[in-house]
file input.cif (mmCIF, C-alpha atoms and all ligand atoms)
data_entry
loop_
_atom_site.label_atom_id
_atom_site.label_comp_id
_atom_site.auth_asym_id
_atom_site.auth_seq_id
_atom_site.Cartn_x
_atom_site.Cartn_y
_atom_site.Cartn_z
CA MET K 1 39.80 70.14 45.92
CA GLN K 2 41.23 66.67 46.19
CA SER K 3 44.90 66.42 46.94
CA SER K 4 46.94 63.87 45.06
CA PRO K 5 47.94 60.80 47.09
CA LEU K 6 51.36 60.75 48.72
CA PRO K 7 53.93 58.97 46.58
CA SER K 8 54.88 55.74 48.23
CA SER K 9 57.74 54.36 46.19
CA THR K 10 61.29 55.58 45.76
CA THR K 11 64.89 54.49 45.73
CA ILE K 12 67.67 55.13 48.24
CA ARG K 13 71.02 55.07 46.52
CA CYS K 14 74.60 55.87 47.46
CA TYR K 15 76.89 58.05 45.35
CA CYS K 16 78.44 55.13 43.42
CA ALA K 17 75.14 53.17 43.19
CA ALA K 18 76.56 49.99 44.73
CA VAL K 19 74.02 50.31 47.54
CA ARG K 20 70.38 50.52 46.55
CA LEU K 21 67.31 50.23 48.69
CA GLN K 22 63.73 50.24 47.55
CA VAL K 23 61.14 52.03 49.67
CA GLU K 24 57.46 51.18 49.42
CA ALA K 25 55.84 53.63 51.81
CA PRO K 26 55.47 57.36 52.28
CA PRO K 27 57.80 58.89 54.89
CA ASN K 28 56.74 59.02 58.54
CA SER K 29 58.50 62.33 58.99
CA VAL K 30 60.92 64.78 57.36
CA VAL K 31 62.98 67.14 59.53
CA HIS K 32 66.19 69.15 59.35
CA CYS K 33 68.81 68.53 62.05
CA HIS K 34 71.54 71.11 62.64
CA CYS K 35 73.51 69.27 65.34
CA GLY K 36 77.26 68.83 65.00
CA GLN K 37 76.95 65.09 64.32
CA CYS K 38 74.57 65.69 61.43
CA ARG K 39 76.81 68.40 59.97
CA ARG K 40 79.83 66.12 59.98
CA LEU K 41 77.82 63.13 58.84
CA SER K 42 76.64 64.97 55.74
CA GLY K 43 79.56 67.33 55.24
CA ALA K 44 76.94 70.07 54.83
CA ALA K 45 75.17 72.70 56.94
CA PHE K 46 72.63 70.18 58.21
CA THR K 47 71.07 66.78 57.50
CA THR K 48 67.52 66.47 56.29
CA TRP K 49 66.25 63.23 57.82
CA VAL K 50 63.51 61.20 56.19
CA SER K 51 62.03 58.50 58.41
CA PHE K 52 60.48 55.45 56.80
CA PRO K 53 58.81 52.40 58.34
CA LYS K 54 61.62 49.82 58.47
CA THR K 55 59.41 47.08 57.07
CA ALA K 56 58.88 49.14 53.89
CA VAL K 57 62.58 49.31 53.00
CA VAL K 58 64.31 46.50 51.10
CA LEU K 59 67.97 46.25 50.16
CA THR K 60 68.18 45.51 46.43
CA GLY K 61 71.88 46.00 45.69
CA GLN K 62 74.86 43.88 46.65
CA GLU K 63 74.77 45.30 50.17
CA PRO K 64 78.42 46.38 50.45
CA LEU K 65 77.61 48.12 53.71
CA SER K 66 79.95 49.13 56.46
CA VAL K 67 78.55 49.84 59.88
CA PHE K 68 79.52 52.49 62.41
CA LYS K 69 78.06 51.98 65.86
CA VAL K 70 77.84 55.50 67.26
CA THR K 71 76.29 54.65 70.61
CA GLU K 72 74.63 51.66 72.26
CA ASN K 73 71.49 52.56 70.30
CA VAL K 74 72.52 54.37 67.13
CA THR K 75 74.13 52.62 64.15
CA ARG K 76 74.98 54.32 60.86
CA HIS K 77 75.29 52.40 57.62
CA PHE K 78 77.60 53.46 54.80
CA CYS K 79 78.47 52.22 51.32
CA ARG K 80 81.75 50.33 51.67
CA VAL K 81 82.79 51.43 48.17
CA CYS K 82 82.12 55.19 48.10
CA GLY K 83 81.54 55.95 51.79
CA SER K 84 78.10 57.54 51.41
CA HIS K 85 75.85 57.44 54.46
CA VAL K 86 72.72 55.59 53.36
CA PHE K 87 70.73 55.03 56.54
CA THR K 88 70.78 55.07 60.33
CA THR K 89 69.00 52.82 62.78
CA ASP K 90 68.19 53.56 66.41
CA ALA K 91 67.36 50.72 68.81
CA ARG K 92 64.97 53.07 70.63
CA LEU K 93 62.94 53.37 67.40
CA PRO K 94 62.98 49.75 66.19
CA ARG K 95 60.33 50.23 63.53
CA THR K 96 61.99 53.25 61.88
CA LEU K 97 64.80 53.76 59.39
CA GLY K 98 66.40 57.22 59.13
CA VAL K 99 67.56 58.15 55.65
CA PRO K 100 69.47 61.26 54.55
CA ALA K 101 67.21 63.05 52.08
CA GLY K 102 70.02 63.48 49.56
CA ALA K 103 70.15 59.71 49.05
CA LEU K 104 66.58 59.64 47.73
CA ASP K 105 65.56 60.14 44.13
CA GLY K 106 65.40 63.87 43.57
CA ASP K 107 61.88 63.86 42.19
CA PHE K 108 60.45 62.25 45.33
CA PRO K 109 58.48 65.06 46.96
CA LEU K 110 59.32 65.83 50.58
CA ALA K 111 57.75 68.31 52.96
CA PRO K 112 60.12 69.09 55.86
CA THR K 113 58.19 70.04 59.00
CA ALA K 114 60.79 71.48 61.42
CA HIS K 115 64.35 72.44 62.27
CA TYR K 116 66.02 70.76 65.26
CA PHE K 117 69.18 71.71 67.20
CA VAL K 118 69.00 75.28 65.86
CA ASP K 119 71.21 76.49 68.74
CA HIS K 120 73.93 74.13 67.50
CA LYS K 121 73.80 75.15 63.86
CA ALA K 122 76.74 76.57 61.93
CA ILE K 123 76.83 80.35 62.30
CA TRP K 124 77.37 80.77 58.56
CA HIS K 125 74.08 79.06 57.75
CA HIS K 126 70.90 81.17 57.93
CA LEU K 127 67.43 79.75 58.25
CA CYS K 128 65.07 81.54 55.94
CA ASP K 129 61.83 79.61 56.15
CA GLU K 130 58.89 79.67 58.54
CA LEU K 131 59.14 76.09 59.77
CA PRO K 132 58.95 75.51 63.55
CA ARG K 133 62.34 75.62 65.25
CA PHE K 134 63.60 73.60 68.18
CA GLY K 135 66.82 74.09 70.10
CA GLY K 136 68.33 74.39 73.56
CA ASN K 137 70.75 71.81 74.90
CA SER K 138 68.40 68.96 73.99
CA GLY K 139 67.86 70.36 70.51
CA THR K 140 64.14 69.75 70.92
CA GLN K 141 62.86 72.72 72.96
CA PRO K 142 60.54 75.08 71.05
CA THR K 143 62.65 78.06 70.02
CA PRO K 144 61.23 81.30 68.63
CA ALA K 145 62.60 82.45 65.31
CA ARG K 146 65.30 85.09 65.61
CA ASP K 147 67.06 87.03 62.91
CA SER K 148 70.38 85.38 63.61
CA ARG K 149 68.93 81.88 63.72
ZN ZN K 201 78.54 53.70 47.04
ZN ZN K 202 71.49 65.85 64.22
#
call {"tool": "encode", "arguments": {"input": "input.cif", "output": "structure tokens", "more": "lines below"}}
Ligand SMILES: [Zn+2]
Ligand SMILES: [Zn+2]
result
Amino acid sequence: MQSSPLPSSTTIRCYCAAVRLQVEAPPNSVVHCHCGQCRRLSGAAFTTWVSFPKTAVVLTGQEPLSVFKVTENVTRHFCRVCGSHVFTTDARLPRTLGVPAGALDGDFPLAPTAHYFVDHKAIWHHLCDELPRFGGNSGTQPTPARDSR
């Protein structure tokens, strides 16, 4: 059976739609991150990160972006009007743009491949899928599934 080709075009949009980016490539990766930064960044139990090749993403709106430099390497970009997080860049990964999955068109199919920082996740959130889990202090050590995690 032949599988259908990966979709390679979608829109990244903030809550108020002032910021729009067009993506012309399939994602490099899709993962869930349960670290405390990602919880606070999204205001939810975790952030689902979609990584795209930076060269495939084009700003098409008026670009009312505000920038929050988290560390020497990591910079988060927000809509200046509504405050939505629309993407993050990391100087250590210069060819990649990290996008919160919720900012993508909802009919763009995504296949998350793993959970990271599972030892940092909120205790009220329960993982109920069979995806590989990574945790420990680094958030990236293979971690067997446990009932409580
Ligand atoms: Zn906005
Ligand atoms: Zn995280």
call {"tool": "residues_around", "arguments": {"input": "input.cif", "residues": "Lys121 (chain K)", "least_positions_apart": "6", "cutoff": "12 Å", "atoms": "all atoms listed in the file", "output": "CSV table (one decimal) with C-alpha atoms, in the frame of the given file"}}
result
chain,number,residue,atom,x,y,z
K,32,HIS,CA,66.2,69.2,59.4
K,33,CYS,CA,68.8,68.5,62.0
K,34,HIS,CA,71.5,71.1,62.6
K,35,CYS,CA,73.5,69.3,65.3
K,36,GLY,CA,77.3,68.8,65.0
K,37,GLN,CA,77.0,65.1,64.3
K,38,CYS,CA,74.6,65.7,61.4
K,39,ARG,CA,76.8,68.4,60.0
K,40,ARG,CA,79.8,66.1,60.0
K,44,ALA,CA,76.9,70.1,54.8
K,45,ALA,CA,75.2,72.7,56.9
K,46,PHE,CA,72.6,70.2,58.2
K,47,THR,CA,71.1,66.8,57.5
K,115,HIS,CA,64.4,72.4,62.3
K,127,LEU,CA,67.4,79.8,58.2
K,133,ARG,CA,62.3,75.6,65.2
K,134,PHE,CA,63.6,73.6,68.2
K,135,GLY,CA,66.8,74.1,70.1
K,136,GLY,CA,68.3,74.4,73.6
K,137,ASN,CA,70.8,71.8,74.9
K,139,GLY,CA,67.9,70.4,70.5
K,148,SER,CA,70.4,85.4,63.6
K,149,ARG,CA,68.9,81.9,63.7
call {"tool": "atom_distance", "arguments": {"input": "input.cif", "atom1": "CA of Trp124 (chain K)", "atom2": "CA of Val86 (chain K)"}}
result
26.1 Å
call {"tool": "residues_near_ligand", "arguments": {"input": "input.cif", "ligand": "ligand ZN 201 (chain K)", "cutoff": "8 Å", "atoms": "only C-alpha atoms and all ligand atoms", "output": "PyMOL selection string"}}
result
chain K and resi 13-19+78-84
call {"tool": "write_last_selection", "arguments": {"input": "input.cif", "atoms": "C-alpha atoms", "output": "mmCIF file, keeping the file's coordinate frame"}}
result
data_model
loop_
_atom_site.group_PDB
_atom_site.id
_atom_site.type_symbol
_atom_site.label_atom_id
_atom_site.label_comp_id
_atom_site.auth_asym_id
_atom_site.auth_seq_id
_atom_site.Cartn_x
_atom_site.Cartn_y
_atom_site.Cartn_z
ATOM 1 C CA ARG K 13 71.020 55.070 46.520
ATOM 2 C CA CYS K 14 74.600 55.870 47.460
ATOM 3 C CA TYR K 15 76.890 58.050 45.350
ATOM 4 C CA CYS K 16 78.440 55.130 43.420
ATOM 5 C CA ALA K 17 75.140 53.170 43.190
ATOM 6 C CA ALA K 18 76.560 49.990 44.730
ATOM 7 C CA VAL K 19 74.020 50.310 47.540
ATOM 8 C CA PHE K 78 77.600 53.460 54.800
ATOM 9 C CA CYS K 79 78.470 52.220 51.320
ATOM 10 C CA ARG K 80 81.750 50.330 51.670
ATOM 11 C CA VAL K 81 82.790 51.430 48.170
ATOM 12 C CA CYS K 82 82.120 55.190 48.100
ATOM 13 C CA GLY K 83 81.540 55.950 51.790
ATOM 14 C CA SER K 84 78.100 57.540 51.410
#
call {"tool": "residues_around", "arguments": {"input": "input.cif", "residues": "Ala114 (chain K)", "least_positions_apart": "2", "cutoff": "6 Å", "atoms": "all atoms listed in the file", "output": "number ranges by chain"}}
result
K: 31, 131-133
call {"tool": "atom_distance", "arguments": {"input": "input.cif", "atom1": "CA of Thr71 (chain K)", "atom2": "CA of Gly43 (chain K)"}}
result
20.2 Å
call {"tool": "residues_around", "arguments": {"input": "input.cif", "residues": "Pro53 (chain K)", "least_positions_apart": "6", "cutoff": "7 Å", "atoms": "only C-alpha atoms", "output": "ChimeraX atom specification"}}
result
/K:28,95-97
call {"tool": "closest_residue", "arguments": {"input": "input.cif", "among": "K:Gly61, K:Pro26, K:Pro100, K:Gly106", "to": "ligand ZN 202 (chain K)", "atoms": "only C-alpha atoms and all ligand atoms"}}
result
K:Pro100
call {"tool": "atom_distance", "arguments": {"input": "input.cif", "atom1": "CA of Phe52 (chain K)", "atom2": "CA of Phe117 (chain K)"}}
result
21.2 Å
call {"tool": "residues_around", "arguments": {"input": "input.cif", "residues": "Leu104 (chain K)", "least_positions_apart": "4", "cutoff": "10 Å", "atoms": "all atoms listed in the file", "output": "ChimeraX atom specification"}}
result
/K:10-14,20-23,50,86,99-100,108-110
call {"tool": "closest_residue", "arguments": {"input": "input.cif", "among": "K:Pro64, K:Gly102, K:Pro94, K:Pro112", "to": "Pro27 (chain K)", "atoms": "only C-alpha atoms"}}
result
K:Pro112
call {"tool": "closest_residue", "arguments": {"input": "input.cif", "among": "K:Ser29, K:Ser9, K:Ser42, K:Thr60", "to": "ligand ZN 202 (chain K)", "atoms": "only C-alpha atoms and all ligand atoms"}}
result
K:Ser42
call {"tool": "closest_residue", "arguments": {"input": "input.cif", "among": "K:Thr48, K:Thr143, K:Ser8, K:Thr113", "to": "ligand ZN 202 (chain K)", "atoms": "all atoms listed in the file"}}
result
K:Thr48
call {"tool": "closest_residue", "arguments": {"input": "input.cif", "among": "K:Lys54, K:Asp90, K:Leu59, K:His126", "to": "Glu72 (chain K)", "atoms": "all atoms listed in the file"}}
result
K:Asp90
call {"tool": "closest_residue", "arguments": {"input": "input.cif", "among": "K:Pro142, K:Asn73, K:Leu41, K:Phe68", "to": "ligand ZN 202 (chain K)", "atoms": "all atoms listed in the file"}}
result
K:Leu41
call {"tool": "build_atoms", "arguments": {"input": "input.cif", "residues": "region 116-130 of chain K", "atoms": "N, CA and C atoms", "output": "CSV table (one decimal), keeping the file's coordinate frame"}}
result
chain,number,residue,atom,x,y,z
K,116,TYR,N,65.6,71.1,63.9
K,116,TYR,CA,66.0,70.8,65.3
K,116,TYR,C,67.5,71.2,65.5
K,117,PHE,N,67.8,71.3,66.8
K,117,PHE,CA,69.2,71.7,67.2
K,117,PHE,C,69.6,73.0,66.6
K,118,VAL,N,68.7,74.0,66.5
K,118,VAL,CA,69.0,75.3,65.9
K,118,VAL,C,70.1,76.1,66.7
K,119,ASP,N,70.2,75.8,68.0
K,119,ASP,CA,71.2,76.5,68.7
K,119,ASP,C,72.6,75.9,68.5
K,120,HIS,N,72.6,74.8,67.8
K,120,HIS,CA,73.9,74.1,67.5
K,120,HIS,C,74.3,74.3,66.0
K,121,LYS,N,73.5,75.1,65.3
K,121,LYS,CA,73.8,75.2,63.9
K,121,LYS,C,75.0,76.0,63.6
K,122,ALA,N,75.6,75.8,62.4
K,122,ALA,CA,76.7,76.6,61.9
K,122,ALA,C,76.3,78.0,61.8
K,123,ILE,N,77.2,78.9,62.3
K,123,ILE,CA,76.8,80.4,62.3
K,123,ILE,C,76.8,80.9,60.9
K,124,TRP,N,77.4,80.3,59.9
K,124,TRP,CA,77.4,80.8,58.6
K,124,TRP,C,76.1,80.3,57.8
K,125,HIS,N,75.3,79.5,58.4
K,125,HIS,CA,74.1,79.1,57.8
K,125,HIS,C,72.9,79.8,58.3
K,126,HIS,N,72.1,80.4,57.5
K,126,HIS,CA,70.9,81.2,57.9
K,126,HIS,C,69.6,80.5,57.5
K,127,LEU,N,68.7,80.3,58.5
K,127,LEU,CA,67.4,79.8,58.2
K,127,LEU,C,66.5,80.8,57.7
K,128,CYS,N,65.9,80.5,56.6
K,128,CYS,CA,65.1,81.5,55.9
K,128,CYS,C,63.7,81.0,55.6
K,129,ASP,N,63.2,80.1,56.4
K,129,ASP,CA,61.8,79.6,56.2
K,129,ASP,C,61.0,79.8,57.4
K,130,GLU,N,59.8,79.5,57.4
K,130,GLU,CA,58.9,79.7,58.5
K,130,GLU,C,58.6,78.4,59.3
